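Trainee: Input work32.cif, format and content: mmCIF, C-alpha atoms and all ligand atoms.
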```cif
data_query
#
loop_
_atom_site.label_atom_id
_atom_site.label_comp_id
_atom_site.auth_asym_id
_atom_site.auth_seq_id
_atom_site.Cartn_x
_atom_site.Cartn_y
_atom_site.Cartn_z
CA MET J 21 -11.95 -23.60 16.26
CA SER J 22 -15.77 -23.61 16.33
CA THR J 23 -17.61 -26.76 15.37
CA VAL J 24 -20.83 -26.75 13.36
CA SER J 25 -22.77 -29.96 12.94
CA LEU J 26 -25.00 -30.30 9.87
CA VAL J 27 -27.46 -33.03 8.94
CA ARG J 28 -29.91 -33.54 6.14
CA CYS J 29 -33.57 -33.51 7.15
CA ARG J 30 -36.18 -33.09 4.46
CA SER J 31 -39.44 -33.17 6.43
CA TYR J 32 -41.03 -32.09 9.68
CA ASP J 33 -42.31 -35.59 10.28
CA PRO J 34 -41.75 -35.92 14.08
CA PRO J 35 -39.81 -39.24 14.05
CA ALA J 36 -37.59 -37.93 11.22
CA ILE J 37 -36.90 -34.69 13.10
CA GLU J 38 -36.11 -36.49 16.33
CA ALA J 39 -33.73 -38.90 14.58
CA ALA J 40 -32.06 -36.03 12.72
CA LEU J 41 -31.63 -34.04 15.94
CA ARG J 42 -29.96 -36.95 17.70
CA GLU J 43 -27.61 -37.36 14.75
CA LEU J 44 -27.01 -33.58 14.70
CA LEU J 45 -26.05 -33.36 18.37
CA GLU J 46 -24.03 -36.55 18.52
CA PRO J 47 -20.74 -34.93 17.36
CA LEU J 48 -21.27 -32.17 19.95
CA GLY J 49 -21.66 -34.70 22.76
CA GLY J 50 -25.47 -34.96 22.74
CA MET J 51 -27.94 -32.87 24.72
CA GLN J 52 -26.30 -34.05 27.95
CA SER J 53 -23.36 -31.78 27.11
CA PHE J 54 -25.58 -28.71 27.38
CA VAL J 55 -28.16 -29.25 30.12
CA GLU J 56 -28.14 -30.91 33.51
CA ALA J 57 -30.85 -32.55 35.58
CA GLY J 58 -32.98 -30.03 37.45
CA GLN J 59 -32.00 -27.03 35.32
CA ARG J 60 -34.65 -24.68 34.01
CA VAL J 61 -33.94 -24.30 30.30
CA LEU J 62 -35.41 -21.46 28.27
CA VAL J 63 -36.12 -22.71 24.76
CA LYS J 64 -36.04 -19.68 22.47
CA PRO J 65 -37.57 -20.23 19.02
CA ASN J 66 -38.19 -17.48 16.47
CA LEU J 67 -41.90 -16.64 16.89
CA LEU J 68 -42.03 -13.36 15.03
CA MET J 69 -45.79 -13.22 14.60
CA PRO J 70 -48.99 -15.27 14.86
CA ILE J 71 -48.68 -17.32 11.67
CA ARG J 72 -49.04 -20.96 10.68
CA PRO J 73 -45.82 -23.00 10.61
CA SER J 74 -46.13 -23.82 6.89
CA ARG J 75 -45.28 -20.18 6.03
CA ALA J 76 -41.72 -20.87 7.29
CA ILE J 77 -41.56 -17.57 9.18
CA THR J 78 -41.25 -19.14 12.62
CA THR J 79 -39.25 -22.04 14.01
CA HIS J 80 -41.24 -25.17 13.20
CA PRO J 81 -43.07 -26.73 16.17
CA ALA J 82 -41.73 -30.19 15.27
CA VAL J 83 -38.19 -28.91 15.84
CA VAL J 84 -39.15 -27.19 19.09
CA GLU J 85 -40.93 -30.32 20.33
CA ALA J 86 -38.02 -32.62 19.50
CA VAL J 87 -35.57 -30.30 21.28
CA ILE J 88 -37.85 -30.19 24.32
CA ARG J 89 -38.06 -33.98 24.46
CA LEU J 90 -34.25 -34.28 24.36
CA ILE J 91 -33.99 -31.76 27.21
CA GLN J 92 -36.61 -33.66 29.19
CA GLU J 93 -34.62 -36.87 28.73
CA GLN J 94 -31.89 -35.16 30.75
CA LYS J 95 -34.44 -34.55 33.57
CA ALA J 96 -34.17 -30.80 33.01
CA GLU J 97 -37.20 -28.48 32.86
CA PRO J 98 -37.59 -26.71 29.53
CA PHE J 99 -40.04 -23.86 28.93
CA ILE J 100 -40.78 -21.81 25.82
CA ALA J 101 -40.27 -18.05 25.86
CA GLU J 102 -40.17 -15.42 23.14
CA SER J 103 -41.24 -11.83 22.66
CA PRO J 104 -42.76 -11.46 19.20
CA GLY J 105 -42.35 -8.29 17.18
CA GLY J 106 -44.59 -5.22 17.34
CA PRO J 107 -47.45 -4.75 19.80
CA LEU J 108 -47.91 -8.44 20.65
CA HIS J 109 -45.91 -8.61 23.87
CA ASN J 110 -48.88 -9.06 26.19
CA LYS J 111 -50.93 -12.02 27.33
CA ILE J 112 -53.49 -11.75 24.54
CA GLY J 113 -50.85 -11.28 21.85
CA LEU J 114 -48.70 -14.11 23.17
CA ARG J 115 -51.69 -16.46 23.33
CA ARG J 116 -52.34 -15.82 19.62
CA VAL J 117 -48.69 -16.29 18.74
CA TYR J 118 -48.39 -19.56 20.67
CA ARG J 119 -51.64 -20.87 19.19
CA ASP J 120 -50.95 -19.97 15.56
CA THR J 121 -47.29 -21.04 15.51
CA GLY J 122 -48.11 -24.47 16.96
CA MET J 123 -46.39 -23.85 20.31
CA ALA J 124 -49.59 -24.29 22.31
CA GLU J 125 -49.94 -27.84 20.96
CA VAL J 126 -46.27 -28.53 21.68
CA ALA J 127 -46.79 -27.36 25.26
CA GLU J 128 -49.86 -29.55 25.62
CA ARG J 129 -48.12 -32.66 24.28
CA THR J 130 -44.89 -32.21 26.26
CA GLY J 131 -46.27 -30.60 29.43
CA VAL J 132 -43.93 -27.59 29.25
CA GLU J 133 -44.83 -24.03 30.22
CA LEU J 134 -45.37 -21.22 27.77
CA ASN J 135 -44.06 -17.96 29.17
CA TYR J 136 -46.61 -15.16 29.69
CA ASP J 137 -44.45 -13.08 32.02
CA CYS J 138 -43.96 -9.78 30.18
CA ALA J 139 -41.80 -8.11 32.83
CA ALA J 140 -38.45 -6.62 31.82
CA LEU J 141 -35.15 -5.96 33.52
CA GLN J 142 -32.11 -3.94 32.55
CA VAL J 143 -28.80 -5.66 31.93
CA PRO J 144 -25.41 -3.90 31.56
CA THR J 145 -23.86 -4.45 28.13
CA PRO J 146 -20.38 -5.96 28.24
CA GLY J 147 -19.51 -4.25 24.94
CA GLY J 148 -20.42 -0.84 26.34
CA GLY J 149 -21.72 0.41 22.98
CA LEU J 150 -24.28 3.17 22.51
CA LEU J 151 -26.58 1.33 24.90
CA LYS J 152 -24.92 0.90 28.27
CA ARG J 153 -27.82 -1.25 29.41
CA ILE J 154 -30.26 -3.41 27.49
CA ASP J 155 -33.85 -4.18 28.43
CA MET J 156 -34.44 -7.92 28.43
CA MET J 157 -37.36 -10.16 29.34
CA SER J 158 -36.84 -10.84 33.03
CA VAL J 159 -37.79 -14.50 32.61
CA TRP J 160 -34.41 -14.94 30.95
CA LYS J 161 -32.73 -14.41 34.34
CA GLU J 162 -34.77 -17.23 35.87
CA ALA J 163 -33.34 -19.77 33.42
CA ASP J 164 -30.17 -21.74 34.03
CA ALA J 165 -29.56 -21.94 30.29
CA VAL J 166 -31.00 -20.70 27.00
CA ILE J 167 -31.16 -22.93 23.94
CA ALA J 168 -31.62 -20.80 20.84
CA LEU J 169 -33.58 -22.13 17.86
CA PRO J 170 -33.17 -19.67 14.98
CA LYS J 171 -34.99 -20.08 11.67
CA LEU J 172 -32.98 -19.97 8.45
CA LYS J 173 -34.44 -16.90 6.74
CA THR J 174 -33.85 -13.56 5.14
CA HIS J 175 -34.38 -10.18 6.79
CA GLY J 176 -34.88 -6.69 5.37
CA LYS J 177 -32.51 -4.92 7.73
CA THR J 178 -29.84 -7.52 8.51
CA ILE J 179 -30.21 -9.45 5.18
CA VAL J 180 -30.33 -12.80 6.99
CA THR J 181 -31.41 -13.74 10.48
CA GLY J 182 -29.87 -16.64 12.32
CA GLY J 183 -27.57 -17.19 15.27
CA VAL J 184 -26.68 -13.54 15.90
CA LYS J 185 -30.17 -12.10 15.40
CA VAL J 186 -32.35 -14.72 17.11
CA LEU J 187 -31.73 -13.43 20.64
CA PHE J 188 -33.18 -9.99 19.80
CA GLY J 189 -36.48 -11.73 20.56
CA LEU J 190 -35.55 -11.63 24.26
CA VAL J 191 -35.89 -7.84 24.13
CA PRO J 192 -39.48 -7.18 25.13
CA GLY J 193 -42.07 -6.11 22.54
CA LEU J 194 -41.99 -2.48 21.56
CA THR J 195 -38.63 -1.94 23.26
CA LYS J 196 -37.27 -3.55 20.10
CA THR J 197 -38.91 -0.75 18.15
CA ALA J 198 -37.33 1.83 20.44
CA TYR J 199 -33.89 0.30 19.81
CA HIS J 200 -34.46 0.57 16.07
CA ALA J 201 -35.10 4.28 16.58
CA LYS J 202 -32.17 4.84 18.90
CA LEU J 203 -29.68 2.75 16.93
CA GLU J 204 -30.57 4.03 13.50
CA GLY J 205 -27.21 3.15 11.92
CA ILE J 206 -26.97 -0.48 10.88
CA ASP J 207 -23.54 -0.90 12.47
CA GLU J 208 -24.77 0.41 15.83
CA PHE J 209 -27.82 -1.82 15.62
CA CYS J 210 -25.70 -4.89 14.89
CA ASP J 211 -23.33 -4.06 17.74
CA MET J 212 -26.36 -4.14 20.02
CA LEU J 213 -27.30 -7.59 18.65
CA LEU J 214 -23.82 -8.82 19.53
CA ASP J 215 -24.08 -7.30 23.00
CA ILE J 216 -27.19 -9.43 23.53
CA VAL J 217 -25.32 -12.54 22.37
CA ASP J 218 -22.57 -11.65 24.85
CA VAL J 219 -25.08 -11.21 27.68
CA VAL J 220 -27.15 -14.35 27.06
CA ARG J 221 -24.43 -16.76 25.87
CA PRO J 222 -26.60 -19.76 24.97
CA PRO J 223 -24.67 -23.02 25.29
CA LEU J 224 -26.37 -24.39 22.18
CA TYR J 225 -27.90 -23.09 18.95
CA ILE J 226 -29.96 -25.29 16.64
CA MET J 227 -31.04 -23.74 13.34
CA ASP J 228 -34.24 -24.90 11.64
CA GLY J 229 -33.34 -24.95 7.96
CA VAL J 230 -35.62 -27.80 6.91
CA VAL J 231 -37.77 -25.23 5.16
CA GLY J 232 -36.20 -21.78 5.17
CA LEU J 233 -37.51 -18.42 3.99
CA GLU J 234 -35.96 -16.62 1.01
CA GLY J 235 -36.67 -13.34 -0.77
CA ASN J 236 -38.16 -10.43 1.10
CA GLY J 237 -38.26 -11.99 4.57
CA PRO J 238 -38.50 -12.14 7.49
CA SER J 239 -42.28 -12.42 7.22
CA LEU J 240 -44.99 -12.51 4.56
CA GLY J 241 -42.84 -10.89 1.86
CA GLY J 242 -40.63 -13.99 1.84
CA GLU J 243 -41.24 -17.38 0.26
CA PRO J 244 -40.68 -20.80 1.85
CA ARG J 245 -37.67 -22.60 0.42
CA ASN J 246 -36.95 -26.29 0.94
CA MET J 247 -33.39 -26.42 2.26
CA GLY J 248 -33.48 -29.81 4.00
CA VAL J 249 -30.90 -29.05 6.65
CA LEU J 250 -30.48 -28.68 10.41
CA LEU J 251 -27.42 -26.98 11.92
CA ALA J 252 -26.12 -26.98 15.49
CA SER J 253 -23.24 -25.29 17.24
CA GLN J 254 -22.22 -23.90 20.59
CA ASP J 255 -21.38 -20.69 18.73
CA GLY J 256 -24.17 -18.67 17.11
CA VAL J 257 -21.71 -16.72 14.94
CA ALA J 258 -20.28 -20.01 13.66
CA ILE J 259 -23.78 -21.15 12.65
CA ASP J 260 -24.13 -17.95 10.64
CA ALA J 261 -20.70 -18.51 9.09
CA ALA J 262 -21.80 -21.98 7.99
CA LEU J 263 -24.99 -20.45 6.60
CA CYS J 264 -22.89 -18.08 4.48
CA HIS J 265 -21.24 -21.10 2.86
CA ILE J 266 -24.60 -22.81 2.29
CA ILE J 267 -26.38 -19.92 0.59
CA GLY J 268 -23.35 -18.24 -0.95
CA LEU J 269 -23.14 -15.06 1.12
CA ASP J 270 -20.10 -12.83 1.41
CA PRO J 271 -20.01 -12.10 5.18
CA ASP J 272 -18.27 -8.76 4.55
CA ARG J 273 -21.52 -7.59 2.97
CA ILE J 274 -23.82 -8.69 5.79
CA PRO J 275 -24.04 -6.08 8.57
CA PRO J 276 -24.22 -8.34 11.66
CA PHE J 277 -21.39 -10.48 10.32
CA ARG J 278 -19.24 -7.42 9.67
CA ALA J 279 -19.94 -6.39 13.26
CA ALA J 280 -18.88 -9.84 14.48
CA ALA J 281 -15.67 -9.54 12.48
CA ARG J 282 -14.95 -6.11 14.02
CA ARG J 283 -15.09 -7.76 17.43
CA GLY J 284 -12.86 -10.60 16.32
CA TRP J 285 -15.75 -13.05 16.69
CA TRP J 286 -15.97 -14.17 13.06
CA PRO J 287 -14.45 -17.67 12.88
CA GLN J 288 -11.38 -17.95 10.69
CA GLU J 289 -11.79 -21.70 10.60
CA LEU J 290 -14.73 -24.00 11.14
CA SER J 291 -14.84 -27.68 11.84
CA PHE J 292 -17.63 -29.77 10.30
CA PRO J 293 -17.66 -33.24 11.84
CA GLY J 294 -20.42 -34.56 9.56
CA LEU J 295 -21.67 -32.99 6.37
CA SER J 296 -19.91 -29.90 5.09
CA PRO J 297 -21.81 -26.78 3.90
CA GLN J 298 -20.90 -27.70 0.31
CA ASP J 299 -22.90 -30.93 0.72
CA VAL J 300 -26.09 -28.93 1.32
CA ALA J 301 -25.29 -25.72 -0.57
CA VAL J 302 -27.81 -24.01 -2.85
CA SER J 303 -26.69 -21.67 -5.60
CA ASP J 304 -29.91 -19.76 -6.18
CA PHE J 305 -31.08 -18.70 -2.71
CA LEU J 306 -32.99 -15.43 -3.09
CA LEU J 307 -31.89 -12.53 -0.91
CA PRO J 308 -34.15 -9.61 0.04
CA ASP J 309 -34.24 -6.53 -2.19
CA THR J 310 -32.45 -4.67 0.59
CA ALA J 311 -29.38 -6.83 -0.02
CA HIS J 312 -28.90 -4.69 -3.12
CA ALA J 313 -29.09 -1.50 -1.10
CA ASP J 314 -26.61 0.60 0.80
CA THR J 315 -27.60 0.56 4.45
CA THR J 316 -24.57 2.33 5.83
CA GLY J 317 -26.33 5.63 6.60
CA ASP J 318 -26.92 6.40 10.27
CA GLY J 319 -29.35 9.26 9.64
CA ARG J 320 -27.30 11.80 11.57
CA SER J 321 -26.16 14.02 8.71
CA ARG J 322 -27.80 15.33 5.57
CA GLY J 323 -25.47 13.17 3.42
CA SER J 324 -26.27 10.12 5.45
CA ARG J 325 -30.00 10.77 5.14
CA TRP J 326 -29.58 11.19 1.37
CA ILE J 327 -27.84 7.81 1.21
CA THR J 328 -30.66 6.22 3.13
CA GLU J 329 -33.40 7.81 1.05
CA THR J 330 -31.73 7.09 -2.29
CA MET J 331 -29.99 3.80 -1.78
CA THR J 332 -32.48 1.87 0.32
CA PRO J 333 -36.03 0.89 -0.64
CA LEU J 334 -38.99 2.64 0.94
CA PRO J 335 -41.80 0.58 2.47
CA VAL J 336 -44.94 1.25 0.45
CA PRO J 337 -48.29 -0.06 1.77
CA LYS J 338 -50.60 -1.24 -1.03
CA ARG J 339 -54.29 -0.45 -1.10
CA ASP J 340 -55.33 -3.84 -2.49
CA ARG J 341 -53.92 -5.60 0.59
CA CYS J 342 -53.89 -3.03 3.41
CA THR J 343 -56.73 -3.50 5.89
CA ALA J 344 -55.83 -0.40 7.94
CA CYS J 345 -55.24 -2.67 10.94
CA ASP J 346 -52.82 -0.17 12.52
CA ILE J 347 -50.12 -2.74 13.41
CA CYS J 348 -47.48 -1.01 11.27
CA VAL J 349 -48.36 2.33 12.91
CA LYS J 350 -47.71 0.83 16.35
CA SER J 351 -44.53 -0.92 15.15
CA CYS J 352 -42.92 2.17 13.62
CA PRO J 353 -40.14 3.62 15.80
CA LYS J 354 -40.33 7.01 14.09
CA ASP J 355 -44.11 7.56 13.96
CA ALA J 356 -43.66 7.71 10.20
CA ILE J 357 -46.92 5.93 9.34
CA THR J 358 -50.45 7.24 9.46
CA ILE J 359 -53.71 5.72 8.31
CA VAL J 360 -55.29 7.93 5.67
CA ASP J 361 -58.56 6.96 4.05
CA ARG J 362 -58.15 3.38 5.35
CA LEU J 363 -54.65 3.02 3.88
CA ALA J 364 -51.31 3.11 5.72
CA VAL J 365 -49.16 5.93 4.36
CA VAL J 366 -45.41 6.24 5.01
CA ASP J 367 -43.68 9.60 5.44
CA ALA J 368 -40.52 8.98 3.39
CA GLN J 369 -38.61 11.79 5.13
CA ALA J 370 -39.28 10.43 8.60
CA CYS J 371 -38.74 6.77 7.69
CA ILE J 372 -35.38 5.31 8.76
CA ARG J 373 -35.79 2.07 6.73
CA CYS J 374 -35.78 -0.24 9.71
CA TYR J 375 -38.51 -2.32 7.99
CA CYS J 376 -40.33 -3.14 11.24
CA CYS J 377 -43.58 -2.30 9.41
CA HIS J 378 -42.77 -4.66 6.53
CA GLU J 379 -41.84 -7.32 9.08
CA MET J 380 -44.98 -7.03 11.17
CA CYS J 381 -47.71 -6.42 8.57
CA PRO J 382 -50.08 -9.39 8.92
CA GLU J 383 -51.35 -8.98 5.35
CA GLY J 384 -48.02 -8.78 3.53
CA ALA J 385 -49.36 -5.45 2.27
CA ILE J 386 -46.08 -3.50 2.34
CA ASP J 387 -43.80 -3.68 -0.68
CA LEU J 388 -40.23 -2.37 -0.66
CA GLU J 389 -39.63 0.04 -3.53
CA PHE J 390 -36.44 1.80 -4.61
CA SER J 391 -36.56 5.44 -5.71
CA LEU J 392 -36.09 6.12 -9.43
CA LEU J 393 -32.46 7.11 -8.81
CA GLY J 394 -31.94 4.02 -6.67
CA ARG J 395 -33.34 1.84 -9.48
CA ILE J 396 -31.07 3.49 -12.05
CA LEU J 397 -28.00 3.11 -9.83
CA ARG J 398 -28.93 -0.47 -9.13
CA ARG J 399 -29.35 -1.29 -12.82
CA SER J 400 -26.08 0.42 -13.68
CA GLY J 401 -24.24 -1.63 -11.09
CA VAL J 402 -23.12 1.43 -9.07
CA LEU J 403 -25.39 0.24 -6.31
CA GLY J 404 -25.76 -3.39 -5.53
CA ARG J 405 -24.21 -6.01 -3.40
CA TYR J 406 -25.40 -9.10 -5.13
CA ASP J 407 -26.40 -7.94 -8.61
S1 LIG C 1 -49.91 -1.89 5.88
FE1 LIG C 1 -50.27 -3.84 6.90
S2 LIG C 1 -49.90 -3.45 9.07
FE2 LIG C 1 -50.16 -1.47 8.07
S3 LIG C 1 -52.30 -0.99 8.34
FE3 LIG C 1 -52.09 -1.98 6.34
S4 LIG C 1 -52.47 -4.15 6.73
FE4 LIG C 1 -52.10 -3.20 8.73
S1 LIG C 2 -42.11 3.40 8.10
FE1 LIG C 2 -41.46 1.26 8.40
S2 LIG C 2 -39.33 1.24 7.74
FE2 LIG C 2 -39.89 3.38 8.03
S3 LIG C 2 -39.27 3.86 10.13
FE3 LIG C 2 -41.41 3.24 10.21
S4 LIG C 2 -41.35 1.03 10.62
FE4 LIG C 2 -39.30 1.63 9.96
#
```
Could you rewrite the structure in this file as structure tokens?
Mentor:
Amino acid sequence: MSTVSLVRCRSYDPPAIEAALRELLEPLGGMQSFVEAGQRVLVKPNLLMPIRPSRAITTHPAVVEAVIRLIQEQKAEPFIAESPGGPLHNKIGLRRVYRDTGMAEVAERTGVELNYDCAALQVPTPGGGLLKRIDMMSVWKEADAVIALPKLKTHGKTIVTGGVKVLFGLVPGLTKTAYHAKLEGIDEFCDMLLDIVDVVRPPLYIMDGVVGLEGNGPSLGGEPRNMGVLLASQDGVAIDAALCHIIGLDPDRIPPFRAAARRGWWPQELSFPGLSPQDVAVSDFLLPDTAHADTTGDGRSRGSRWITETMTPLPVPKRDRCTACDICVKSCPKDAITIVDRLAVVDAQACIRCYCCHEMCPEGAIDLEFSLLGRILRRSGVLGRYD
């Protein structure tokens, strides 16, 4: 039975975070259960984009710093590594991401390294899905252990992002985009996420849910939501299962969780040594609009494409916010976006609804809009997971 530890923590005040983390890890045996003296430990936060911590899009630096200090107490050597989304996986992009997300200050205060090595290596997938090998940041191989620090937030494609999804950030830069193109079907994509979990196998996951992100996450379309909770487990799927209880999700309706269940990874029982999810549950957590969509199409047949085009919202860049910066163009796995008259324009036929553009737009300029038929079906209740 997997164990998930939960504690209340209502602020990012450093002493409060450190005390909460110690309390969180105590039932799991403390940090000494996960790292040993002399080990190099890759600390993997969610650093999707260069954005200030108060937007609740990235793992908060106070959480990262407190985790690093606990690792250092064990005389191990932590370092921070992440590959942000879109075209930012290079030294200049990483410098911006580390600066804006507060990681540069964490590194300065704690003396840890920030990874700038953008090299990749190929790793065989144990699951042997569509991808026989996965490209990963090669720095991952240099670490003795990975400690994953997901953010509690919503996501256009996978509905929520947490323990299963956080390790996708170890796939370098635009290779992520290529995987979106290759694994167009949501089930295939989620199988790949689980393959990465199987390859990396972090000994510890700590989820930052002090302030989460609800609504149209995982970036500027979402809204910060005070949740006041930290979660920890040795099992990333178990953390996601606990999250389902906290925000009232049916795991059968969440693609990565369905994929975990297909593999027999979804926990039938969970042990909560401290607080239970009911103690911190919220009844009105807002899911993304895509949670009301049907994302089962894999784009390979005409029927499947019709499902995608009708039942899932289209990303629509808005003139009042679009600055024609080109980031969505570079992030699109299907070359479905062009800049026309200083406005990004999406080719609805070419778009596979991966929402990388929505995720990476630095202006929050892309809305997700259902077709007229999709809106009618949604209103009538024919379409809709959480209506
Ligand atoms: S939609 Fe966003 S990412 Fe795309 S060009 Fe406009 S501002 Fe840039
Ligand atoms: S337009 Fe956006 S949602 Fe559509 S394929 Fe390109 S990145 Fe994905």
Trainee: Determine, counting all atoms listed in the file, every residue of protein, DNA or RNA that lies within 12 Å of (-25.2, -8.7, 20.2) in the file coordinates, then give the result as number ranges by chain.
Mentor: J: 145-149, 151, 154, 183-191, 207-221, 256-257, 275-277, 279-280, 283, 285
Trainee: List all protein, DNA and RNA residues that have an atom no more than 12 Å from any atom of ligand LIG 2 (chain C), counting only C-alpha atoms and all ligand atoms, and report them as a ChimeraX atom specification.
Mentor: /J:105-106,176-177,194,196-204,310,319,328-329,332-337,346-359,364-381,386-389
Trainee: Kindly indicate which residue among J:Trp326, J:Met69, J:Leu172, J:Thr121 lies nearest to ligand LIG 1 (chain C), using only C-alpha atoms and all ligand atoms for the distances.
Mentor: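 Closest to ligand LIG 1 (chain C), using only C-alpha atoms and all ligand atoms: J:Met69.
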Trainee: Between CA of Lys173 in chain J and CA of Val302 in chain J, what is the spacing in Å?
Mentor: 13.7 Å
Trainee: Using only C-alpha atoms and all ligand atoms, can you tell me which of J:Arg245, J:Arg399, J:Lys95, J:Arg339 comes closest to ligand LIG 1 (chain C)?
Mentor: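 Going through J:Arg245, J:Arg399, J:Lys95, J:Arg339 one by one, the smallest distance to ligand LIG 1 (chain C) is for J:Arg339.
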Trainee: Fewer than 5 positions away in the same chain doesn't count, so skip those; otherwise give me all residues within 8 Å of Ala261 in chain J, counting all atoms listed in the file, as number ranges by chain.
Mentor: J: 271, 286-287
Trainee: With C-alpha atoms retained, could you export that selection as a PDB file, in the coordinates of the input?
Mentor:
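Output below, filename part17.pdb:
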```
ATOM      1  CA  PRO J 271     -20.010 -12.100   5.180  1.00  0.00           C
ATOM      2  CA  TRP J 286     -15.970 -14.170  13.060  1.00  0.00           C
ATOM      3  CA  PRO J 287     -14.450 -17.670  12.880  1.00  0.00           C
TER       4      PRO J 287
END
```
Trainee: Compile the contact shell of Ser31 in chain J as a PyMOL selection string: residues with an atom at most 10 Å away, counting all atoms listed in the file, same-chain residues fewer than 5 positions apart removed.
Mentor: chain J and resi 36-37+82+230-231+246-249
Trainee: When you draw a straight line from CA of Ala385 in chain J to CA of Gly237 in chain J, how long is it in Å?
Mentor: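 Computed distance, CA of Ala385 in chain J to CA of Gly237 in chain J, equals 13.1 Å.
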Trainee: Extending 5 Å beyond the listed atoms of ligand LIG 1 (chain C) on each side, what axis-aligned box results? I want centre and edge lengths in Å to one decimal, as lines of an AutoDock Vina configuration file.
Mentor:
```
center_x = -51.2
center_y = -2.6
center_z = 7.5
size_x = 12.6
size_y = 13.2
size_z = 13.2
```
Trainee: Which of these residues is nearest to ligand LIG 1 (chain C), using all atoms listed in the file: J:Gly122, J:Pro104, J:Gly241, J:Gly49?
Mentor: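 Ranking J:Gly122, J:Pro104, J:Gly241, J:Gly49 by distance to ligand LIG 1 (chain C), first place goes to J:Gly241.
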Trainee: Nearest residue to ligand LIG 1 (chain C) out of J:Asp255, J:Ile206, J:Leu392, J:Leu240, using all atoms listed in the file?
Mentor: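 Nearest candidate to ligand LIG 1 (chain C) out of J:Asp255, J:Ile206, J:Leu392, J:Leu240: J:Leu240.
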Trainee: Which is closest to Gly182 in chain J among J:Pro65, J:Gly113, J:Pro297, J:Pro35, if we use only C-alpha atoms?
Mentor: J:Pro65
Trainee: Give the answer as one residue: which of J:Val159, J:Val84, J:Ala344, J:Val143 has the shortest atom-to-atom distance to ligand LIG 1 (chain C), using only C-alpha atoms and all ligand atoms?
Mentor: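 Among J:Val159, J:Val84, J:Ala344, J:Val143, it is J:Ala344 that comes nearest to ligand LIG 1 (chain C).
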Trainee: Please return, as a count of residues only, all polymer residues that have at least one atom within 6 Å of the point (-34.2, -20.4, 25.8); use all atoms listed in the file and the file's own coordinate frame.
Mentor: 7
Trainee: Just how far from CA of Met227 in chain J is CA of Leu250 in chain J, in Å to one decimal?
Mentor: 5.8 Å
Trainee: Could you name the residues that touch Gly294 in chain J at 8 Å or less, counting all atoms listed in the file, but leaving out those on the same chain fewer than 6 positions away, as a PyMOL selection string?
Mentor: chain J and resi 25-27+47
Trainee: Neighbours of Asn110 in chain J within 9 Å (only C-alpha atoms; same-chain residues fewer than 2 positions away dropped), as a list in words?
Mentor: Ser103, Pro107, Leu108, Ile112, Gly113, Leu114, Arg115, Tyr136, Asp137, Cys138 and Gly193 of chain J
